[in-house]
Amino acid sequence: MTHSRTIRTSIFLLTLGFSSSVAFAQRGEIESQTYEIVKEKSIEFAPANRLFDKVQPIQGTTNEKKVNYQILDPQISIASPKITPSVAASSDEKARQDQPDVLNNYIKLGAGNYGRFLGEAFVSGRRADDLVFTGQLKHLSAGNGPVDGKNSANANTNIKVGGKYIMSTYKVDGSLEYDRKNYYFYGYKPQIESYVVNRDSIRQTVNNFGFNLGFENTNPDVAVDYSLKTSLNTLHDRYNASELDWGTTLNASVPISSSFYAQLEAGAFISQRVDALTYNRNLYRVKPTFKYTSDIFTITAGINAVNQTDSQLNINKTKAFPVLNIDLSPIDGVHVFGGWNGDVVRNTLKGMLSENQWLGPNVLIVNTEKNSDIFAGVKGEVAGGFNYEGKVSYTSYHNFYNFNNSLADTSKFSIIYDPQKTKVLNISGQAGYTYNDLFKTSLKVNYYDYSMGSVEEAWHRPDLTLNWFNALTISKKLFVTADFYMLKGIKAKNFQSGVVTKLPVISDLNLKIDYLLTRNFSAFVSLNNILGKEYQRYQYYPQQGLNFVGGLSFSF
């Protein structure tokens, strides 16, 4: 018992910024035990272009069956949207794909305030109908930022090539990707006005390489439907941290009868993280389930067995979680659903940096256990283009994580885990409306109530989030998209002074306009943070005020 308490204390102290050599001087097993933590993986919303999970269709006959699935590492569902502005692909490019003589390739150049520059190119090709390849290059940078000019500049470069080989009975797809982020820890607070910050000392560069390969059955007549995917990712940063992560997933379905199926999800994830110490972290998951479907209801039941290991933390444990999902359709177009599930959320350095790029060196990475997730709700689609969903969930976590400014350096963040039980009540509602292809809107609201175990607060997690997305086609040449994000109830603490701060409500309104000048040329402008509030998603890191990028796109 004493040894277990010592380990929990070591984890907590490490996340406050103490030396890793002290925190890891003692080893022991971390007790088994967190919105989508923005994904977005991070505490965050699903992407704005996703309205709802579609209402589940009634299964057809066996020989018409084609299971659609995608195995993902589960994420903690305490989401807040990704509110760092970015310029998405122009709406006009999607519109062109609906035209008979499609122009998929394009080159885009743009510029804006804060010394912003955007360069993007996309090319694709195909050989007959069986081989398709794509290539994309994108660079978006800002020469200045909200604090001390160039000391808060940033740049992001992404290169991706991919291809698909599609046959009558199977499909193979793969991709190679390189992503480079360069930014600065500008959350410092100089003691005197004349203090000059060494810009090179606050610089961070994160390089990501990724390889993905997938093989999927496309023949609906075979007895076993399956999909096999593997991915290899490497990460290196300027503080000599690195991570090698290899994951392979399998999903298969076997029909026992026309309405009864045996299903299997399995995954193996092998990773090595190097910081002050070297961590070999592995996770293996096997999830056999049975699914019965009828005209009235669908029920899926099974077990989720997960084994996780960590060489430095001396972890090697296996846990089993229930899998129970029920979907009832009492009337046409209305679904009542509920379930009881659990899993291990696999946390990685790459995933944590995607949520909060201000992490300091030698942060502790530990998986989060979702011991129990009980949920119920109703969803449906109404004639006329309306859809809706309401849901209530009550989830119990172990090693639920939060971000907060480090004790040693408040300009960098630590990850704080709750080694005791954390219980989260989530009440969510969303509604959407689509009018042909002319107008689309969706609104999603989430309320969270956190009951922490040994951690004082759910630092930097909002208790209320709102996401409102709209897309409008004014004419065949003019396209407008707008989104509004709001986050409320974020608390932060300065562990040096002991001061707890409730950050102001975040309100972020963005607008994108695309106009087709000719068949080949279009103009675009993206306005971000129109309200002009230099809000802080993370303490001491104000965001840019009103910023924009405008330019031209050439399609061919």
# chains A, B, ... in the order shown; residues from 1 in each chain; ligands from 1
call {"tool": "closest_atom_pairs", "arguments": {"of": "segment 352-406 of chain A", "to": "segment 237-249 of chain A", "cutoff": "9 Å", "atoms": "only C-alpha atoms", "output": "CSV"}}
result
residue,atom,partner,partner_atom,distance
A:Gly360,CA,A:Tyr239,CA,8.8
A:Pro361,CA,A:Tyr239,CA,6.5
A:Asn362,CA,A:Ala241,CA,7.8
call {"tool": "write_last_selection", "arguments": {"atoms": "N, CA and C atoms", "output": "mmCIF file, in the first residue's frame"}}
result
data_model
loop_
_atom_site.group_PDB
_atom_site.id
_atom_site.type_symbol
_atom_site.label_atom_id
_atom_site.label_comp_id
_atom_site.auth_asym_id
_atom_site.auth_seq_id
_atom_site.Cartn_x
_atom_site.Cartn_y
_atom_site.Cartn_z
ATOM 1 N N GLY A 360 6.426 21.031 -22.192
ATOM 2 C CA GLY A 360 7.844 21.118 -21.923
ATOM 3 C C GLY A 360 8.520 19.779 -22.138
ATOM 4 N N PRO A 361 9.844 19.733 -21.955
ATOM 5 C CA PRO A 361 10.566 18.460 -22.138
ATOM 6 C C PRO A 361 10.287 17.487 -20.995
ATOM 7 N N ASN A 362 10.474 16.199 -21.292
ATOM 8 C CA ASN A 362 10.381 15.138 -20.282
ATOM 9 C C ASN A 362 9.007 15.038 -19.620
#
call {"tool": "closest_atom_pairs", "arguments": {"of": "segment 450-534 of chain A", "to": "segment 387-411 of chain A", "cutoff": "9 Å", "atoms": "only C-alpha atoms", "output": "Markdown table"}}
result
| residue | atom | partner | partner_atom | distance |
| --- | --- | --- | --- | --- |
| A:Met452 | CA | A:Phe400 | CA | 8.8 |
| A:Glu457 | CA | A:Asn402 | CA | 8.9 |
| A:Ala458 | CA | A:Asn402 | CA | 6.1 |
| A:Trp459 | CA | A:Asn402 | CA | 5.6 |
| A:His460 | CA | A:Phe403 | CA | 6.1 |
| A:Arg461 | CA | A:Asn402 | CA | 7.2 |
| A:Ala492 | CA | A:Asn404 | CA | 6.5 |
| A:Lys493 | CA | A:Asn404 | CA | 6.9 |
| A:Asn494 | CA | A:Asn405 | CA | 6.5 |
| A:Phe495 | CA | A:Leu407 | CA | 5.3 |
| A:Gln496 | CA | A:Leu407 | CA | 5.9 |
call {"tool": "residues_around", "arguments": {"residues": "Val147 of chain A", "least_positions_apart": "4", "cutoff": "10 Å", "atoms": "only C-alpha atoms", "output": "list of chain:residue names"}}
result
A:Asn151, A:Ser152, A:Ala153, A:Tyr186, A:Gly187, A:Tyr188, A:Tyr541, A:Pro542, A:Gln543, A:Gln544
call {"tool": "closest_residue", "arguments": {"among": "A:Leu503, A:Val480, A:Val455, A:Leu509", "to": "Tyr540 of chain A", "atoms": "only C-alpha atoms"}}
result
A:Leu503
call {"tool": "residues_around", "arguments": {"residues": "Ala305 of chain A", "least_positions_apart": "2", "cutoff": "8 Å", "atoms": "only C-alpha atoms", "output": "ChimeraX atom specification"}}
result
/A:285-287,303,307,318-321
call {"tool": "residues_around", "arguments": {"residues": "Thr465 of chain A", "least_positions_apart": "4", "cutoff": "7 Å", "atoms": "only C-alpha atoms", "output": "MDAnalysis selection string"}}
result
chainID A and resid 80 445:447 486:488
call {"tool": "write_last_selection", "arguments": {"atoms": "all heavy atoms", "output": "compact mmCIF listing (two decimals), in the first residue's frame"}}
result
# COMPACT_ATOMS: atom_id res chain seq x y z
N SER A 80 -13.02 19.87 -26.83
CA SER A 80 -13.19 21.28 -27.15
C SER A 80 -12.62 21.47 -28.54
O SER A 80 -11.72 20.76 -28.94
CB SER A 80 -12.46 22.17 -26.14
OG SER A 80 -11.10 21.85 -26.09
N VAL A 445 -23.65 21.40 -28.64
CA VAL A 445 -23.39 21.96 -27.32
C VAL A 445 -23.04 20.82 -26.38
O VAL A 445 -23.69 19.77 -26.39
CB VAL A 445 -24.59 22.75 -26.77
CG1 VAL A 445 -24.27 23.33 -25.40
CG2 VAL A 445 -24.99 23.85 -27.73
N ASN A 446 -22.00 21.01 -25.56
CA ASN A 446 -21.58 20.01 -24.57
C ASN A 446 -21.45 20.67 -23.21
O ASN A 446 -20.84 21.74 -23.08
CB ASN A 446 -20.23 19.39 -24.94
CG ASN A 446 -20.38 18.21 -25.87
OD1 ASN A 446 -20.69 17.10 -25.46
ND2 ASN A 446 -20.15 18.46 -27.16
N TYR A 447 -22.01 20.00 -22.20
CA TYR A 447 -21.82 20.43 -20.81
C TYR A 447 -21.07 19.33 -20.07
O TYR A 447 -21.40 18.14 -20.21
CB TYR A 447 -23.16 20.71 -20.13
CG TYR A 447 -23.03 20.83 -18.63
CD1 TYR A 447 -22.53 21.98 -18.04
CD2 TYR A 447 -23.41 19.77 -17.80
CE1 TYR A 447 -22.39 22.09 -16.68
CE2 TYR A 447 -23.28 19.87 -16.43
CZ TYR A 447 -22.77 21.02 -15.87
OH TYR A 447 -22.65 21.11 -14.51
N MET A 486 -17.26 28.47 -28.94
CA MET A 486 -17.29 29.09 -27.63
C MET A 486 -16.88 28.06 -26.59
O MET A 486 -17.35 26.91 -26.62
CB MET A 486 -18.69 29.63 -27.32
CG MET A 486 -18.76 30.48 -26.05
SD MET A 486 -19.09 29.51 -24.57
CE MET A 486 -20.82 29.12 -24.80
N LEU A 487 -15.98 28.44 -25.68
CA LEU A 487 -15.55 27.60 -24.57
C LEU A 487 -15.66 28.40 -23.29
O LEU A 487 -15.27 29.58 -23.25
CB LEU A 487 -14.11 27.12 -24.75
CG LEU A 487 -13.83 26.04 -25.79
CD1 LEU A 487 -13.69 26.66 -27.18
CD2 LEU A 487 -12.54 25.30 -25.45
N LYS A 488 -16.13 27.75 -22.25
CA LYS A 488 -16.38 28.45 -20.99
C LYS A 488 -15.94 27.59 -19.82
O LYS A 488 -15.97 26.36 -19.89
CB LYS A 488 -17.88 28.78 -20.87
CG LYS A 488 -18.33 29.33 -19.53
CD LYS A 488 -19.83 29.47 -19.49
CE LYS A 488 -20.32 29.78 -18.08
NZ LYS A 488 -20.06 28.63 -17.14
call {"tool": "residues_around", "arguments": {"residues": "Val334 of chain A", "least_positions_apart": "3", "cutoff": "6 Å", "atoms": "only C-alpha atoms", "output": "PyMOL selection string"}}
result
chain A and resi 329+331+380
call {"tool": "residues_around", "arguments": {"residues": "Asn470 of chain A", "least_positions_apart": "4", "cutoff": "10 Å", "atoms": "only C-alpha atoms", "output": "CSV table (one decimal) with N, CA and C atoms, in the first residue's frame"}}
result
chain,number,residue,atom,x,y,z
A,48,ALA,N,-15.4,20.0,-37.8
A,48,ALA,CA,-16.6,20.8,-38.0
A,48,ALA,C,-17.4,20.3,-39.2
A,49,ASN,N,-16.8,19.6,-40.1
A,49,ASN,CA,-17.5,19.2,-41.3
A,49,ASN,C,-18.3,17.9,-41.0
A,432,GLY,N,-28.9,19.6,-36.8
A,432,GLY,CA,-28.4,20.0,-38.1
A,432,GLY,C,-29.5,20.1,-39.1
A,433,TYR,N,-29.3,20.9,-40.1
A,433,TYR,CA,-30.2,21.1,-41.2
A,433,TYR,C,-29.5,21.3,-42.5
A,434,THR,N,-30.0,20.6,-43.5
A,434,THR,CA,-29.4,20.7,-44.9
A,434,THR,C,-30.5,21.0,-45.9
A,439,PHE,N,-27.4,25.0,-48.6
A,439,PHE,CA,-27.2,25.5,-47.2
A,439,PHE,C,-27.1,24.4,-46.2
A,440,LYS,N,-26.1,24.4,-45.4
A,440,LYS,CA,-25.9,23.4,-44.3
A,440,LYS,C,-25.5,24.1,-43.0
A,441,THR,N,-26.1,23.7,-42.0
A,441,THR,CA,-25.8,24.2,-40.7
A,441,THR,C,-25.9,23.1,-39.6
A,442,SER,N,-25.0,23.2,-38.6
A,442,SER,CA,-25.0,22.3,-37.5
A,442,SER,C,-24.6,23.0,-36.2
A,443,LEU,N,-25.3,22.6,-35.1
A,443,LEU,CA,-25.0,23.2,-33.8
A,443,LEU,C,-24.8,22.1,-32.8
A,480,VAL,N,-19.6,30.4,-49.2
A,480,VAL,CA,-19.3,31.0,-48.0
A,480,VAL,C,-19.4,30.0,-46.9
A,481,THR,N,-18.4,29.9,-46.0
A,481,THR,CA,-18.5,29.0,-44.8
A,481,THR,C,-18.2,29.9,-43.6
A,482,ALA,N,-18.9,29.6,-42.5
A,482,ALA,CA,-18.7,30.3,-41.3
A,482,ALA,C,-18.8,29.4,-40.1
A,483,ASP,N,-18.0,29.6,-39.1
A,483,ASP,CA,-18.1,28.7,-37.9
A,483,ASP,C,-17.8,29.6,-36.6
A,484,PHE,N,-18.5,29.2,-35.6
A,484,PHE,CA,-18.4,29.9,-34.3
A,484,PHE,C,-18.1,28.9,-33.2
A,511,LEU,N,-14.7,33.1,-40.9
A,511,LEU,CA,-15.5,33.2,-42.1
A,511,LEU,C,-14.5,33.0,-43.3
call {"tool": "atom_distance", "arguments": {"atom1": "atom CA of Asp418 of chain A", "atom2": "atom CA of Asp310 of chain A"}}
result
18.2 Å
call {"tool": "atom_distance", "arguments": {"atom1": "atom CA of Pro255 of chain A", "atom2": "atom CA of Asn304 of chain A"}}
result
20.3 Å
call {"tool": "select_by_dssp", "arguments": {"residues": "segment 144-242 of chain A", "states": "strand (DSSP E)", "output": "PyMOL selection string"}}
result
chain A and resi 154-166+170-184+203-217+225-237+242
call {"tool": "closest_residue", "arguments": {"among": "A:Thr368, A:Gln263, A:Ser497, A:Ser553", "to": "Ser522 of chain A", "atoms": "only C-alpha atoms"}}
result
A:Ser553
call {"tool": "atom_distance", "arguments": {"atom1": "atom CA of Asn280 of chain A", "atom2": "atom CA of Thr234 of chain A"}}
result
14.0 Å
